[in-house]
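Below is the file work-v2.cif, which contains mmCIF, C-alpha atoms.
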data_target
#
loop_
_atom_site.label_atom_id
_atom_site.label_comp_id
_atom_site.auth_asym_id
_atom_site.auth_seq_id
_atom_site.Cartn_x
_atom_site.Cartn_y
_atom_site.Cartn_z
CA MET A 1 102.01 191.85 28.01
CA VAL A 2 101.59 188.88 30.26
CA GLY A 3 98.03 187.91 31.14
CA LEU A 4 96.60 187.04 34.50
CA SER A 5 96.81 183.33 33.74
CA SER A 6 100.55 183.68 33.31
CA VAL A 7 100.91 185.51 36.64
CA SER A 8 98.82 182.85 38.36
CA SER A 9 100.87 180.10 36.85
CA ASN A 10 104.06 181.76 38.08
CA VAL A 11 102.61 182.07 41.59
CA MET A 12 101.62 178.43 41.43
CA ASP A 13 105.08 177.53 40.20
CA ASP A 14 106.72 179.37 43.10
CA ALA A 15 104.41 177.73 45.61
CA ARG A 16 105.06 174.29 44.08
CA LEU A 17 108.79 174.88 44.09
CA VAL A 18 108.74 175.80 47.78
CA VAL A 19 106.68 172.70 48.56
CA ARG A 20 109.15 170.54 46.65
CA ILE A 21 112.07 172.21 48.41
CA ARG A 22 110.45 171.28 51.70
CA THR A 23 110.62 167.66 50.63
CA GLY A 24 114.35 167.98 49.91
CA ASP A 25 114.05 168.27 46.12
CA GLU A 26 117.40 169.65 44.92
CA GLN A 27 116.09 170.22 41.38
CA ALA A 28 113.38 172.51 42.75
CA MET A 29 116.02 174.48 44.61
CA ALA A 30 118.02 174.82 41.38
CA GLN A 31 114.95 176.13 39.56
CA LEU A 32 114.23 178.67 42.28
CA TYR A 33 117.84 179.78 42.14
CA ASP A 34 117.69 180.22 38.36
CA ARG A 35 114.55 182.27 38.72
CA TYR A 36 115.56 184.62 41.53
CA SER A 37 119.33 184.63 41.96
CA PRO A 38 119.70 187.81 39.80
CA ILE A 39 117.48 189.75 42.24
CA VAL A 40 119.25 188.40 45.32
CA TYR A 41 122.69 189.01 43.85
CA SER A 42 121.86 192.52 42.65
CA VAL A 43 120.57 193.60 46.05
CA ALA A 44 123.57 192.15 47.87
CA LEU A 45 125.97 193.71 45.37
CA ARG A 46 124.31 197.12 45.65
CA VAL A 47 124.61 197.01 49.45
CA LEU A 48 128.13 195.56 49.65
CA GLY A 49 129.69 196.93 46.49
CA ASP A 50 131.82 193.84 46.14
CA THR A 51 131.09 190.78 44.03
CA GLY A 52 132.70 188.24 46.35
CA GLY A 53 130.71 189.48 49.34
CA ALA A 54 127.51 189.57 47.26
CA GLU A 55 128.07 185.97 46.18
CA ASP A 56 128.59 184.91 49.79
CA VAL A 57 125.38 186.63 50.88
CA MET A 58 123.48 185.04 48.00
CA GLN A 59 124.83 181.63 48.96
CA ASP A 60 123.83 182.23 52.56
CA VAL A 61 120.29 183.32 51.65
CA PHE A 62 119.58 180.29 49.47
CA MET A 63 121.19 177.93 51.98
CA GLN A 64 119.01 179.38 54.73
CA LEU A 65 115.95 178.71 52.59
CA TRP A 66 117.17 175.17 51.84
CA ARG A 67 117.77 174.43 55.51
CA ASN A 68 114.56 176.03 56.68
CA PRO A 69 112.10 176.29 53.77
CA ALA A 70 109.17 176.67 56.17
CA ALA A 71 110.62 180.10 57.04
CA PHE A 72 108.94 181.40 53.90
CA ASP A 73 105.20 181.64 54.40
CA SER A 74 103.77 181.40 50.91
CA SER A 75 100.40 182.64 52.12
CA ARG A 76 101.88 185.97 53.15
CA GLY A 77 104.03 187.21 50.32
CA SER A 78 105.80 186.52 47.09
CA VAL A 79 109.05 184.60 46.92
CA PRO A 80 111.08 187.28 45.08
CA ALA A 81 110.00 190.05 47.45
CA TRP A 82 110.87 187.92 50.45
CA LEU A 83 114.24 186.88 49.02
CA ALA A 84 115.08 190.50 48.17
CA VAL A 85 114.36 191.71 51.70
CA VAL A 86 116.20 188.79 53.32
CA ALA A 87 119.20 189.39 50.99
CA ARG A 88 119.25 193.10 51.83
CA ASN A 89 119.11 192.39 55.58
CA ARG A 90 121.87 189.76 55.35
CA ALA A 91 124.05 192.13 53.31
CA ILE A 92 123.58 194.90 55.90
CA ASP A 93 124.55 192.39 58.61
CA ALA A 94 127.69 191.61 56.59
CA ILE A 95 128.58 195.30 56.27
CA ARG A 96 128.20 195.78 59.97
CA LYS A 97 130.12 192.58 60.61
CA ARG A 98 127.48 191.39 62.96
CA ARG A 99 125.56 188.23 63.43
CA PRO A 100 122.26 188.10 61.55
CA ALA A 101 119.95 190.48 63.37
CA ASP A 102 116.75 188.57 62.63
CA ASP A 103 115.73 185.01 62.01
CA ILE A 104 114.65 184.70 58.38
CA ALA A 105 111.33 183.34 59.61
CA ASP A 106 110.71 186.71 61.29
CA THR A 107 110.91 188.47 57.95
CA ILE A 108 107.35 188.74 56.76
CA VAL A 109 106.96 190.68 53.54
CA SER A 110 103.61 191.67 52.18
CA VAL A 111 103.71 193.01 48.64
CA GLU A 112 101.15 193.81 45.99
CA PRO A 113 101.17 193.22 43.13
CA ASP A 114 103.05 189.96 42.74
CA LEU A 115 106.52 190.30 41.35
CA VAL A 116 106.59 186.90 39.73
CA GLY A 117 107.33 186.70 36.05
CA GLU A 118 110.07 188.60 34.33
CA THR A 119 107.64 190.87 32.53
CA GLU A 120 105.96 191.95 35.77
CA ARG A 121 109.29 192.52 37.44
CA ALA A 122 110.61 194.52 34.49
CA ARG A 123 107.52 196.71 34.59
CA ALA A 124 107.86 197.10 38.38
CA VAL A 125 111.52 198.06 38.03
CA ASP A 126 110.54 200.77 35.53
CA LYS A 127 107.90 202.11 37.90
CA VAL A 128 110.22 202.05 40.92
CA ARG A 129 113.02 203.78 39.05
CA GLY A 130 110.58 206.33 37.68
CA THR A 131 109.23 207.03 41.15
CA LEU A 132 112.70 207.30 42.68
CA GLY A 133 113.75 209.56 39.82
CA GLY A 134 110.77 211.80 40.47
CA MET A 135 111.57 212.22 44.17
CA PRO A 136 113.51 215.16 45.57
CA ALA A 137 117.20 214.20 45.67
CA ALA A 138 117.34 214.52 49.47
CA GLN A 139 114.44 212.11 49.89
CA ARG A 140 115.88 209.56 47.46
CA LYS A 141 119.23 209.81 49.21
CA ALA A 142 117.68 209.28 52.65
CA LEU A 143 115.85 206.19 51.36
CA GLU A 144 118.94 204.75 49.74
CA MET A 145 121.12 205.44 52.77
CA ALA A 146 118.63 203.57 54.93
CA PHE A 147 117.97 200.71 52.51
CA PHE A 148 121.25 200.11 50.76
CA GLY A 149 123.51 201.70 53.35
CA GLY A 150 121.83 200.16 56.37
CA LEU A 151 122.16 203.39 58.33
CA THR A 152 119.88 204.25 61.23
CA HIS A 153 117.87 207.46 61.15
CA SER A 154 120.27 209.01 63.68
CA GLU A 155 123.24 208.16 61.45
CA ILE A 156 121.50 209.57 58.37
CA ALA A 157 120.63 212.75 60.27
CA GLU A 158 124.24 213.05 61.38
CA LYS A 159 125.65 212.49 57.90
CA THR A 160 123.23 214.83 56.15
CA GLY A 161 122.94 217.41 58.90
CA GLU A 162 119.14 217.20 58.65
CA PRO A 163 116.82 217.06 61.70
CA LEU A 164 115.75 213.59 62.80
CA GLY A 165 112.08 214.36 62.18
CA THR A 166 112.81 215.39 58.59
CA ILE A 167 114.66 212.13 57.93
CA LYS A 168 111.79 210.11 59.36
CA THR A 169 109.24 211.92 57.23
CA ARG A 170 111.28 211.59 54.06
CA ILE A 171 111.79 207.87 54.49
CA ARG A 172 108.20 207.12 55.23
CA SER A 173 106.75 209.27 52.49
CA GLY A 174 109.30 207.78 50.07
CA LEU A 175 108.18 204.22 50.83
CA LEU A 176 104.52 205.20 50.58
CA ALA A 177 105.19 206.87 47.22
CA LEU A 178 106.63 203.58 45.93
CA ARG A 179 103.58 201.71 47.18
CA LYS A 180 101.25 204.19 45.55
CA ALA A 181 103.13 204.02 42.23
CA MET A 182 102.82 200.21 42.18
CA ASN A 183 99.19 200.13 43.19
CA GLY A 184 98.17 203.05 41.03
CA MET B 1 95.99 202.98 56.36
CA THR B 2 94.75 201.45 59.57
CA ALA B 3 97.98 201.56 61.55
CA HIS B 4 98.31 204.14 64.28
CA GLU B 5 99.36 207.37 62.64
CA GLN B 6 101.71 208.37 65.47
CA PHE B 7 103.79 205.26 64.75
CA GLY B 8 103.75 205.66 60.95
CA GLU B 9 107.21 207.15 60.58
CA ASP B 10 108.78 204.83 63.12
CA LEU B 11 107.23 201.82 61.35
CA ALA B 12 108.84 202.85 58.07
CA LEU B 13 112.21 203.20 59.77
CA HIS B 14 111.76 199.91 61.59
CA ALA B 15 110.97 198.11 58.32
CA LEU B 16 114.34 199.34 57.07
CA GLY B 17 116.05 198.45 60.33
CA ALA B 18 116.83 202.15 60.65
CA LEU B 19 115.16 202.80 63.98
CA ASP B 20 117.29 202.64 67.08
CA GLY B 21 117.40 203.53 70.74
CA SER B 22 114.37 204.07 72.92
CA GLU B 23 112.15 204.73 69.89
CA ARG B 24 112.79 201.19 68.64
CA ALA B 25 112.02 199.72 72.08
CA ALA B 26 108.79 201.73 72.33
CA LEU B 27 107.68 200.67 68.86
CA GLU B 28 108.44 197.00 69.46
CA LYS B 29 106.39 197.16 72.65
CA HIS B 30 103.52 198.64 70.68
CA LEU B 31 103.89 196.04 67.91
CA ASN B 32 103.38 193.31 70.47
CA GLU B 33 99.91 194.68 71.07
CA CYS B 34 98.81 196.07 67.70
CA VAL B 35 97.85 193.83 64.78
CA ASP B 36 97.23 196.77 62.45
CA CYS B 37 100.71 198.15 62.96
CA ARG B 38 102.23 194.71 62.42
CA ARG B 39 100.39 194.46 59.10
CA GLU B 40 101.57 197.90 58.14
CA LEU B 41 105.13 196.86 58.96
CA GLU B 42 104.77 193.87 56.62
CA GLN B 43 103.49 196.19 53.89
CA LEU B 44 106.37 198.57 54.43
CA ARG B 45 108.75 195.65 54.02
CA GLY B 46 106.95 194.97 50.73
CA ASP B 47 107.64 198.58 49.76
CA MET B 48 111.28 197.89 50.65
CA ALA B 49 111.25 194.94 48.28
CA LEU B 50 110.28 197.39 45.54
CA LEU B 51 113.35 199.43 46.41
CA ALA B 52 115.39 196.25 46.06
CA LEU B 53 114.15 195.90 42.50
CA SER B 54 115.79 199.17 41.60
CA ALA B 55 119.12 197.49 42.32
CA SER B 56 118.92 195.17 39.32
CA GLY B 57 122.42 194.76 37.99
CA PRO B 58 124.75 192.10 36.65
CA LYS B 59 123.86 188.43 36.84
CA PRO B 60 125.65 186.32 39.41
CA PRO B 61 128.68 184.38 38.19
CA GLN B 62 128.07 180.88 36.79
CA ARG B 63 130.20 179.24 39.47
CA ALA B 64 127.78 180.50 42.16
CA ARG B 65 125.08 178.11 40.93
CA GLN B 66 127.35 175.07 41.13
CA ARG B 67 128.64 176.23 44.52
CA LEU B 68 125.09 176.32 45.89
CA LEU B 69 124.09 172.94 44.43
CA THR B 70 127.27 171.34 45.78
CA ALA B 71 126.65 172.81 49.21
CA ILE B 72 123.07 171.54 49.15
CA ALA B 73 124.17 168.05 48.13
CA GLU B 74 126.68 168.01 50.97
CA GLU B 75 124.14 169.11 53.55
CA PRO B 76 123.12 166.34 55.93
CA GLU B 77 119.67 165.07 55.07
CA ARG B 78 117.29 167.27 56.94
CA ILE B 79 114.09 166.24 58.50
CA GLN B 80 111.58 167.14 55.86
CA THR B 81 108.93 168.10 58.27
CA ALA B 82 111.24 170.33 60.27
CA THR B 83 109.34 173.25 61.54
CA THR B 84 110.65 176.74 61.55
CA LYS B 85 111.04 178.91 64.58
CA ARG B 86 107.87 180.88 64.34
CA SER B 87 107.90 184.58 64.52
CA TRP B 88 107.22 185.46 68.12
CA TRP B 89 104.68 188.00 66.91
CA ARG B 90 102.84 185.21 65.23
CA THR B 91 103.26 183.06 68.31
CA PHE B 92 101.83 185.93 70.31
CA GLU B 93 98.85 186.01 67.93
CA TRP B 94 98.34 182.31 68.50
CA VAL B 95 98.61 182.72 72.25
CA ALA B 96 96.14 185.62 72.11
CA ALA B 97 93.79 183.59 69.92
CA VAL B 98 93.98 180.57 72.26
CA ALA B 99 93.44 182.83 75.28
CA ALA B 100 90.44 184.47 73.60
CA LEU B 101 89.07 181.04 72.75
CA ALA B 102 89.56 179.90 76.36
CA VAL B 103 87.66 182.98 77.59
CA VAL B 104 84.84 182.28 75.13
CA VAL B 105 84.69 178.63 76.22
CA LEU B 106 84.69 179.74 79.87
CA LEU B 107 81.90 182.23 79.29
CA VAL B 108 79.85 179.72 77.32
CA ARG B 109 80.38 177.19 80.11
CA GLN B 110 79.44 179.71 82.79
CA ASN B 111 76.40 180.69 80.79
CA SER B 112 75.47 177.05 80.45
CA ASP B 113 76.01 176.52 84.21
CA LEU B 114 73.81 179.52 84.99
CA ARG B 115 71.10 178.22 82.69
CA ARG B 116 71.32 174.82 84.39
CA ASN B 117 71.14 176.46 87.82
CA ILE B 118 68.10 178.50 86.82
CA ALA B 119 66.44 175.39 85.39
CA SER B 120 67.27 173.48 88.59
CA VAL B 121 65.85 176.24 90.82
CA GLN B 122 62.73 176.42 88.66
CA ALA B 123 62.34 172.64 88.83
CA ARG B 124 62.74 172.67 92.63
CA MET B 125 60.23 175.50 92.92
CA LEU B 126 57.68 173.65 90.77
CA HIS B 127 58.27 170.50 92.79
CA GLN B 128 57.71 172.36 96.07
CA GLN B 129 54.60 174.04 94.70
CA ALA B 130 53.27 170.64 93.70
CA GLU B 131 54.02 169.23 97.17
CA LEU B 132 52.34 172.20 98.83
CA ALA B 133 49.28 171.77 96.64
CA ARG B 134 49.15 168.08 97.53
CA ALA B 135 49.51 168.83 101.24
CA LYS B 136 46.74 171.41 101.00
CA GLU B 137 44.50 168.89 99.26
CA VAL B 138 45.18 166.37 102.04
CA ALA B 139 44.53 168.96 104.76
CA ASP B 140 41.35 170.12 102.99
CA LEU B 141 40.14 166.54 102.80
CA PHE B 142 40.66 166.02 106.51
CA THR B 143 39.26 169.34 107.62
CA ALA B 144 36.44 170.08 105.15
CA PRO B 145 33.06 169.94 106.92
CA GLU B 146 31.50 168.23 103.90
CA THR B 147 34.04 165.37 103.95
CA GLN B 148 32.26 162.11 104.45
CA GLN B 149 33.99 159.92 107.02
CA VAL B 150 33.37 156.28 107.55
CA THR B 151 35.26 154.22 110.09
CA LEU B 152 35.34 150.53 109.50
CA ILE B 153 35.62 148.20 112.43
CA ALA B 154 35.02 144.57 113.11
CA ALA B 155 31.40 143.65 112.49
CA LYS B 156 29.04 143.79 115.45
CA THR B 157 31.60 145.67 117.55
CA PRO B 158 30.16 148.70 119.32
CA PRO B 159 31.86 151.89 118.03
CA GLN B 160 34.76 152.95 120.19
CA PRO B 161 36.34 156.42 120.40
CA GLN B 162 39.36 156.57 118.14
CA GLY B 163 41.96 159.17 117.43
CA LYS B 164 44.87 159.52 115.06
CA THR B 165 47.71 162.00 115.27
CA PHE B 166 50.08 163.11 112.46
CA TYR B 167 52.99 164.82 114.11
CA LEU B 168 56.04 166.38 112.44
CA ARG B 169 58.46 167.01 115.28
CA ASN B 170 61.00 169.27 113.61
CA ARG B 171 58.28 171.65 112.45
CA GLY B 172 56.07 171.29 115.52
CA GLN B 173 53.11 170.53 113.24
CA LEU B 174 50.27 168.29 114.25
CA ILE B 175 46.98 167.08 112.81
CA PHE B 176 44.63 165.12 115.03
CA LEU B 177 41.55 163.29 113.77
CA ALA B 178 39.03 161.65 116.08
CA ASN B 179 35.69 159.91 115.74
CA ASN B 180 33.13 158.01 117.75
CA LEU B 181 33.58 160.45 120.55
CA PRO B 182 30.74 160.55 123.06
CA PRO B 183 28.85 163.87 123.19
CA LEU B 184 30.40 166.30 125.67
CA PRO B 185 28.77 166.76 129.07
CA PRO B 186 27.74 170.34 129.82
CA ASP B 187 30.62 172.73 130.64
CA LYS B 188 33.18 170.19 129.47
CA ILE B 189 35.55 170.04 126.50
CA TYR B 190 38.04 167.56 125.11
CA GLU B 191 41.73 168.47 125.31
CA LEU B 192 44.55 166.90 123.32
CA TRP B 193 47.93 166.46 124.98
CA LEU B 194 51.41 165.82 123.67
CA ILE B 195 53.23 163.60 126.13
CA PRO B 196 56.95 164.23 125.57
CA LYS B 197 59.67 161.69 126.20
CA VAL B 198 61.17 164.18 128.62
CA GLY B 199 59.23 166.71 130.66
CA ALA B 200 55.61 167.59 131.41
CA PRO B 201 52.70 167.05 128.96
CA LEU B 202 52.04 169.94 126.58
CA PRO B 203 48.49 171.11 125.81
CA ALA B 204 47.81 170.48 122.09
CA GLY B 205 44.36 171.98 121.58
CA LEU B 206 40.76 172.00 122.80
CA PHE B 207 38.07 170.49 120.58
CA ARG B 208 34.42 169.58 120.44
CA PRO B 209 33.09 166.64 118.41
CA ASP B 210 30.40 167.20 115.80
CA ALA B 211 27.02 165.45 115.83
CA HIS B 212 28.68 162.29 114.46
CA GLY B 213 31.29 162.24 117.22
CA SER B 214 34.07 163.39 114.84
CA ALA B 215 36.61 166.11 115.56
CA THR B 216 39.86 167.51 114.18
CA VAL B 217 42.69 169.59 115.58
CA VAL B 218 45.01 171.18 113.00
CA ASN B 219 48.36 172.67 113.91
CA PRO B 220 47.83 173.70 117.52
CA PRO B 221 50.57 176.01 118.88
CA LEU B 222 53.46 173.67 119.75
CA PRO B 223 57.17 174.33 120.06
CA ALA B 224 59.23 172.68 117.32
CA GLY B 225 61.59 169.82 118.10
CA VAL B 226 59.76 168.20 121.01
CA GLU B 227 60.08 164.44 120.81
CA ALA B 228 56.68 162.91 121.53
CA LYS B 229 56.31 159.73 123.53
CA THR B 230 52.61 159.61 122.82
CA PHE B 231 49.40 161.65 122.69
CA ALA B 232 46.34 161.60 124.91
CA VAL B 233 42.88 163.13 125.12
CA THR B 234 41.26 164.16 128.38
CA LEU B 235 37.90 165.58 129.34
CA GLU B 236 38.49 168.97 130.91
CA PRO B 237 36.48 171.94 132.18
CA GLU B 238 35.29 174.12 129.29
CA SER B 239 38.15 176.59 129.69
CA GLY B 240 40.65 173.76 129.35
CA SER B 241 43.52 172.81 131.58
CA HIS B 242 46.55 174.82 130.53
CA GLU B 243 49.25 173.32 132.69
CA ALA B 244 48.63 169.60 133.06
CA PRO B 245 45.86 167.12 132.28
CA ARG B 246 43.57 166.94 135.26
CA GLY B 247 40.36 165.48 133.97
CA GLN B 248 39.30 161.99 132.91
CA ALA B 249 41.41 160.29 130.27
CA VAL B 250 39.34 159.55 127.17
CA MET B 251 42.01 158.22 124.80
CA ALA B 252 45.72 157.56 124.97
CA GLY B 253 48.23 156.65 122.31
CA ILE B 254 49.42 153.14 122.00
CA GLY B 255 52.89 154.13 120.84
CA GLU B 256 52.63 153.64 117.10
#
Serialized structure, structure tokens:
Amino acid sequence: MVGLSSVSSNVMDDARLVVRIRTGDEQAMAQLYDRYSPIVYSVALRVLGDTGGAEDVMQDVFMQLWRNPAAFDSSRGSVPAWLAVVARNRAIDAIRKRRPADDIADTIVSVEPDLVGETERARAVDKVRGTLGGMPAAQRKALEMAFFGGLTHSEIAEKTGEPLGTIKTRIRSGLLALRKAMNG
Amino acid sequence: MTAHEQFGEDLALHALGALDGSERAALEKHLNECVDCRRELEQLRGDMALLALSASGPKPPQRARQRLLTAIAEEPERIQTATTKRSWWRTFEWVAAVAALAVVVLLVRQNSDLRRNIASVQARMLHQQAELARAKEVADLFTAPETQQVTLIAAKTPPQPQGKTFYLRNRGQLIFLANNLPPLPPDKIYELWLIPKVGAPLPAGLFRPDAHGSATVVNPPLPAGVEAKTFAVTLEPESGSHEAPRGQAVMAGIGE
């Protein structure tokens, strides 16, 4: 088990890395890549289903951070959570063959607890998978279609034949169930 | 949860980018105005990040690291202090905060102005009260029967009748003080006249001297605004002469 001091030191490390990246420190960028590229790559690969495309999205996400490190507001979220959401959004843009829908600076991610440290992330992954596994299949599917498939609620309703209202409710209650599992 | 419940489901969809059409437009309009819902949206994105964790899979290929570092090294040197395009929501928050601050400053300033105005009015009122009190003291001194009056003249000069007028034209106010007046003959009275620069003399009060030959006339009825050339005192029948001086002239102004 990793103690609080370890979590704090990881948070500090992330914050320091971002500060150093802002000064153009390439070594800091390499460290951040080593720490979080598996998350970014996994998300992109899950969305795209193709390794080449996932690598391109990962490259794009880290280059965006390098070019505009101030886009990440360290006071409002953890680096891995932010990178994961930006990677997912970029991968969805790639699937839809569209220009990036949002500026990365517009992606504000608030997450508790922190996901820094491999131990914390491994524990979080277990909890998330457990929660998803405990959901009704239709709810899990709706969540995954929205998150990994990038489908709108109308598209999900059309594909599943479910009413729009049901899709909305399933997605929201699914996200809240994840939050509750992590905070509980 | 503090976000508006009616937007809860749409917020979750919006966090996932899964809301479209008019519902998306309506929610974005609401987000412009609602801080709580914006916070909830950020939290829902955090919940999304948890979903992303469930995707953990193979590690990226080794070449990807070198590709990134090469690309970074080839990037033109960026300005280190480059600022990001701020989220327009956050810009909106700043604008709202600045506007609120401006309103507060305005209100404080108005409040301060009002306080200054009140203080100024109070100061003027106190000043006028003080002036009024001083004027009353002066009038009391002139008119009080117990006031002791001494007129100084050149030594060994027989006392002569003297009069002094204090006339404020724009208010039509007049105080007249006289002394050394000879006692009145029977059925006679002194009458003060205002001799205007233009027009006929105006009666300015009947008066009798006391045993010492002193007399005062305070604020006789006079129209305001009459420019006086001089003043005069005549000896008139006891009922006075209301239209024009007819009797013997006792004193006349020397045009001070």
I would like the residues chosen by the PyMOL selection byres ((chain B and resi 72) around 9) on the shown file; could you give them as a list in words?
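Written out, the selection comes to Glu26, Met29, Met63, Trp66 and Arg67 of chain A; Arg67, Leu68, Leu69, Thr70, Ala71, Ala73, Glu74, Glu75 and Pro76 of chain B.
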Using only C-alpha atoms, find the residues of chain A whose closest atom to chain B is at most 8 Å away, then write them as a PyMOL selection string.
chain A and resi 22-24+26+30+33+37-39+41-43+46+55+59+62-63+66-71+81-82+84-85+88+105-106+108-112+121+124-125+128-129+146-147+150-154+168-169+171-172+175-176+178-179
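Going from atom CA of Val226 of chain B to atom CA of Arg171 of chain B covers 9.3 Å.
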Could you tell me which residues the PyMOL selection byres ((chain B and resi 174) around 10) grabs in this file, written as JSON, numbers by chain?
{"B": [165, 166, 167, 168, 169, 171, 172, 173, 175, 176, 194, 204, 217, 218, 219, 220, 221, 222]}
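Taking atom CA of Gly199 of chain B as the reference point, atom CA of Ala215 of chain B is found at 27.2 Å.
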Which distance in Å separates atom CA of Phe142 of chain B and atom CA of Lys197 of chain B, to one decimal?
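Those two atoms sit 27.7 Å apart.
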Name the closest residue to Asp93 of chain A among the candidates A:Val57, A:Ala137, A:Gln31, A:Ala142; distances are taken between atoms, counting only C-alpha atoms.
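Going through A:Val57, A:Ala137, A:Gln31, A:Ala142 one by one, the smallest distance to Asp93 of chain A is for A:Val57.
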Residues near Gly240 of chain B, cut-off 12 Å, only C-alpha atoms, skip fewer than 3 positions along chain, as an MDAnalysis selection string:
chainID B and resid 187:193 203:208 233:237 243:247
With distances taken over all atoms listed in the file, which residue among B:Leu114, B:Ala123, B:Ile254, B:Ala96 lies nearest Phe231 of chain B?
B:Ile254
